[in-house]
Amino acid sequence: MDPRKAAWWVMERLESAGYQAYLVGGCVRDELLGKQPKDYDVTTDARPETVQALFPRTAATGLKHGTVTVIHHGQPVEVTTFRVETGYSDHRRPDKVVFVSRLEEDLARRDFTVNAMAMDREGRLYDPFGGQKDLKERRIRAVGNAEARFTEDALRMLRAIRFSAQLGFRITDETGRAIRRMRHTLRHLAVERVTAELEKMWSVPSPSIGVQYLQEWELLPHLPPFHRWNHIQKAALLPAERFDRLTTREGRWGLLLHDCHVLPEQAARHLRLLRLKSADVKMINRIYQLAFDSRHWHPITPTEGKRLLLQHGTEPVLQSLQWSRVMGHLETETAERLEVLFERWAKEMPVRQLSDLAIDGSDLIRVTGEPPGRWVGQALAYLLEQVALGRLPNERSRLLEEGRRFGK
Ligand code: ATP
Ligand code: MG
């Protein structure tokens, strides 16, 4: 079901039970910008127990914080009770959440003016902090006293930067000054939350505005896990627009590592410190290594190129060339020529991985009568390369015949 319709239905039902209900936060901001919201959040004066009682299908997602997820025709809608938060003694989590009865109080606890607007079903906008004006002026401004808001929750500083990249907005002078003054509290943040914000930043077309703020305001030396890395004081995020020219998240993580002076042999360890998933660590590390290697890929023969594609995979090889081009490891023209060549070679290869091969390990064991062992993998790798290079057809009978030679 259409998420907006589901939110509408939820609001209607809350209202007919005598409660207030509004769309709030990111969805209001995105609709005013003419963008498709990712999800629709509803805020209400009904208490969480009441919300649970009013709807047949709910999940108690964040009950402590007043959030109930209502599921309507399979579509989840987050419904949060008006609330304020108090006592952020650790700079990251409120000690206490208190439910309140007025929308304005709930809006006042939100981070930025553009995120602190609500809209009712008639399309009336509630905008006590000038969010609409800031949207027009394309700027991120903290609600209320910026320094106080960042003292409560240090993540908001990083969110300001992430939203600036996501929306292409600048951060107002006052809010920026507060970030610089409060940046030492960034060290209280959990690595997972930092990584999640950076990950969101890498998913936008032009993260460079955000990167530029990180750089100008020297935030990395305060930000976990970067603050503990060697040489981080000297980290020079070189021209931020490179982050726009590298279009993949893997490439952007790699670029950040590079600008933090992380050596290729240290890359995997640093990626793990960022608590990235192990598949991501593997992929980003591979691209990082290849990007350094790619300086030696010119000139290259088709056989050498295809071997690289087989060994590392098409995606990492192509991504590493993009990186080399952006970083100037390779001349633009050379990198572009190599990209075209590798793309062509990848297309030409009749097989790229073992699962593409017309036979598998058990076939080899059967035709040779040999017991399983390391030789099976070696034989398959050999056959894969022969087929990929066009020296053998990908036909069962020919491969089995060739495979027999691996028996004693
Ligand atoms: P996105 O499009 O990235 O999801 P969003 O505005 O919906 O943007 P969320 O992180 O989903 O961002 O949060 C929803 C709303 O909750 C925000 O718009 C903001 O009003 C409020 N909010 C979220 N995190 C904080 C925070 N750390 N401090 C204050 N308000 C917050
Ligand atoms: Mg959201």
# chains A, B, ... in the order shown; residues from 1 in each chain; ligands from 1
>>> closest_atom_pairs(of="chain A", to="ligand 1", cutoff="7 Å", atoms="only C-alpha atoms and all ligand atoms", output="JSON lines")
{"residue": "A:Gly25", "atom": "CA", "partner": "ligand 1", "partner_atom_place_in_ligand_line": "18 (O)", "distance": 3.5}
{"residue": "A:Gly26", "atom": "CA", "partner": "ligand 1", "partner_atom_place_in_ligand_line": "6 (O)", "distance": 3.3}
{"residue": "A:Cys27", "atom": "CA", "partner": "ligand 1", "partner_atom_place_in_ligand_line": "7 (O)", "distance": 6.3}
{"residue": "A:Pro37", "atom": "CA", "partner": "ligand 1", "partner_atom_place_in_ligand_line": "2 (O)", "distance": 6.6}
{"residue": "A:Lys38", "atom": "CA", "partner": "ligand 1", "partner_atom_place_in_ligand_line": "2 (O)", "distance": 5.9}
{"residue": "A:Arg109", "atom": "CA", "partner": "ligand 1", "partner_atom_place_in_ligand_line": "29 (C)", "distance": 6.0}
{"residue": "A:Arg110", "atom": "CA", "partner": "ligand 1", "partner_atom_place_in_ligand_line": "30 (N)", "distance": 3.6}
{"residue": "A:Asp111", "atom": "CA", "partner": "ligand 1", "partner_atom_place_in_ligand_line": "29 (C)", "distance": 3.8}
{"residue": "A:Phe112", "atom": "CA", "partner": "ligand 1", "partner_atom_place_in_ligand_line": "20 (O)", "distance": 7.0}
{"residue": "A:Asn115", "atom": "CA", "partner": "ligand 1", "partner_atom_place_in_ligand_line": "18 (O)", "distance": 4.1}
{"residue": "A:Ala116", "atom": "CA", "partner": "ligand 1", "partner_atom_place_in_ligand_line": "20 (O)", "distance": 5.2}
{"residue": "A:Asp153", "atom": "CA", "partner": "ligand 1", "partner_atom_place_in_ligand_line": "27 (N)", "distance": 6.3}
{"residue": "A:Leu155", "atom": "CA", "partner": "ligand 1", "partner_atom_place_in_ligand_line": "27 (N)", "distance": 5.9}
{"residue": "A:Arg156", "atom": "CA", "partner": "ligand 1", "partner_atom_place_in_ligand_line": "27 (N)", "distance": 5.2}
>>> select_by_dssp(residues="region 247-347 of chain A", states="helix (DSSP H, G or I)", output="ChimeraX atom specification")
/A:249-259,264-273,278-296,302-312,314-327,332-347
>>> atom_distance(atom1="CA of Ala146 (chain A)", atom2="CA of Leu220 (chain A)")
20.2 Å
>>> residues_around(residues="region 255-261 of chain A", least_positions_apart="2", cutoff="7 Å", atoms="only C-alpha atoms", output="number ranges by chain")
A: 231-232, 235-238, 251-253, 263
>>> atom_distance(atom1="CA of Leu330 (chain A)", atom2="CA of Val262 (chain A)")
19.6 Å
>>> residues_around(residues="Thr172 (chain A)", least_positions_apart="6", cutoff="12 Å", atoms="only C-alpha atoms", output="PyMOL selection string")
chain A and resi 112-113+134+137-143+146+160-161+164+178-179+213
>>> write_last_selection(atoms="N, CA and C atoms", output="mmCIF file, in the first residue's frame")
data_model
loop_
_atom_site.group_PDB
_atom_site.id
_atom_site.type_symbol
_atom_site.label_atom_id
_atom_site.label_comp_id
_atom_site.auth_asym_id
_atom_site.auth_seq_id
_atom_site.Cartn_x
_atom_site.Cartn_y
_atom_site.Cartn_z
ATOM 1 N N PHE A 112 16.577 20.258 13.809
ATOM 2 C CA PHE A 112 16.750 21.421 12.925
ATOM 3 C C PHE A 112 15.399 21.974 12.492
ATOM 4 N N THR A 113 15.383 23.255 12.189
ATOM 5 C CA THR A 113 14.102 23.899 11.859
ATOM 6 C C THR A 113 13.400 23.187 10.699
ATOM 7 N N ASP A 134 13.709 28.562 6.136
ATOM 8 C CA ASP A 134 15.043 27.965 6.006
ATOM 9 C C ASP A 134 15.116 27.005 4.823
ATOM 10 N N GLU A 137 15.608 29.251 1.914
ATOM 11 C CA GLU A 137 16.980 29.795 1.911
ATOM 12 C C GLU A 137 18.023 28.672 1.864
ATOM 13 N N ARG A 138 17.563 27.454 1.846
ATOM 14 C CA ARG A 138 18.439 26.285 1.760
ATOM 15 C C ARG A 138 19.490 26.274 2.854
ATOM 16 N N ARG A 139 19.012 26.262 4.105
ATOM 17 C CA ARG A 139 19.981 26.237 5.208
ATOM 18 C C ARG A 139 19.532 25.355 6.363
ATOM 19 N N ILE A 140 20.526 24.823 7.079
ATOM 20 C CA ILE A 140 20.307 23.983 8.252
ATOM 21 C C ILE A 140 20.556 24.844 9.485
ATOM 22 N N ARG A 141 19.525 24.945 10.318
ATOM 23 C CA ARG A 141 19.652 25.773 11.519
ATOM 24 C C ARG A 141 19.080 24.993 12.690
ATOM 25 N N ALA A 142 19.801 24.983 13.801
ATOM 26 C CA ALA A 142 19.326 24.256 14.983
ATOM 27 C C ALA A 142 18.072 24.931 15.527
ATOM 28 N N VAL A 143 17.194 24.143 16.117
ATOM 29 C CA VAL A 143 16.018 24.691 16.807
ATOM 30 C C VAL A 143 16.500 25.214 18.159
ATOM 31 N N ALA A 146 21.721 26.571 19.650
ATOM 32 C CA ALA A 146 22.452 25.489 18.975
ATOM 33 C C ALA A 146 23.417 24.774 19.919
ATOM 34 N N ALA A 160 23.704 17.450 11.232
ATOM 35 C CA ALA A 160 23.676 18.734 10.518
ATOM 36 C C ALA A 160 24.481 18.602 9.225
ATOM 37 N N ILE A 161 25.642 17.966 9.365
ATOM 38 C CA ILE A 161 26.533 17.808 8.214
ATOM 39 C C ILE A 161 25.925 16.855 7.193
ATOM 40 N N SER A 164 23.178 18.565 5.385
ATOM 41 C CA SER A 164 23.677 19.574 4.433
ATOM 42 C C SER A 164 24.051 18.878 3.118
ATOM 43 N N ALA A 178 28.552 26.858 16.757
ATOM 44 C CA ALA A 178 28.260 25.962 17.886
ATOM 45 C C ALA A 178 28.905 24.590 17.663
ATOM 46 N N ILE A 179 28.919 24.132 16.427
ATOM 47 C CA ILE A 179 29.558 22.841 16.146
ATOM 48 C C ILE A 179 31.048 22.922 16.469
ATOM 49 N N TYR A 213 32.657 20.476 5.370
ATOM 50 C CA TYR A 213 32.468 20.888 6.770
ATOM 51 C C TYR A 213 33.334 20.049 7.705
#
>>> closest_residue(among="A:Leu384, A:Leu23, A:Ile365, A:Ala53", to="ligand 2", atoms="only C-alpha atoms and all ligand atoms")
A:Leu23
>>> closest_residue(among="A:Gln233, A:Gln132, A:Ser324, A:Gln289", to="Gln215 (chain A)", atoms="only C-alpha atoms")
A:Gln233
>>> select_by_dssp(residues="region 100-301 of chain A", states="strand (DSSP E)", output="ChimeraX atom specification")
/A:118-119,125-126,139-140,170-171
>>> atom_distance(atom1="CA of Leu364 (chain A)", atom2="CA of Met349 (chain A)")
22.5 Å
>>> residues_around(residues="Ala388 (chain A)", least_positions_apart="2", cutoff="10 Å", atoms="only C-alpha atoms", output="PyMOL selection string")
chain A and resi 303+306-307+309-310+345-346+348-353+357+382-386+390-394
>>> residues_around(residues="Arg4 (chain A)", least_positions_apart="4", cutoff="10 Å", atoms="only C-alpha atoms", output="PDB file with C-alpha atoms, in the first residue's frame")
ATOM      1  CA  TRP A   8      -3.452   9.212   6.237  1.00  0.00           C
ATOM      2  CA  TRP A   9      -5.577   6.316   7.374  1.00  0.00           C
ATOM      3  CA  VAL A  10      -3.738   6.224  10.718  1.00  0.00           C
ATOM      4  CA  LEU A  23       2.680  14.220   9.736  1.00  0.00           C
ATOM      5  CA  CYS A  27       8.270  13.623   5.394  1.00  0.00           C
ATOM      6  CA  PRO A  37       9.658  11.067   1.402  1.00  0.00           C
ATOM      7  CA  ASP A  39       8.736   7.171   5.084  1.00  0.00           C
ATOM      8  CA  TYR A  40       5.914   8.998   6.813  1.00  0.00           C
ATOM      9  CA  ASP A  41       6.049   9.632  10.553  1.00  0.00           C
ATOM     10  CA  GLN A  75       2.665  -0.774   5.326  1.00  0.00           C
ATOM     11  CA  VAL A  77       3.667   3.804   9.926  1.00  0.00           C
TER      12      VAL A  77
END
>>> residues_around(residues="Pro76 (chain A)", least_positions_apart="3", cutoff="10 Å", atoms="only C-alpha atoms", output="ChimeraX atom specification")
/A:1,3,6-7,39-41,57-59,68-73,79
>>> closest_residue(among="A:Glu343, A:Ala154, A:Glu315, A:Arg29", to="Ser89 (chain A)", atoms="only C-alpha atoms")
A:Ala154
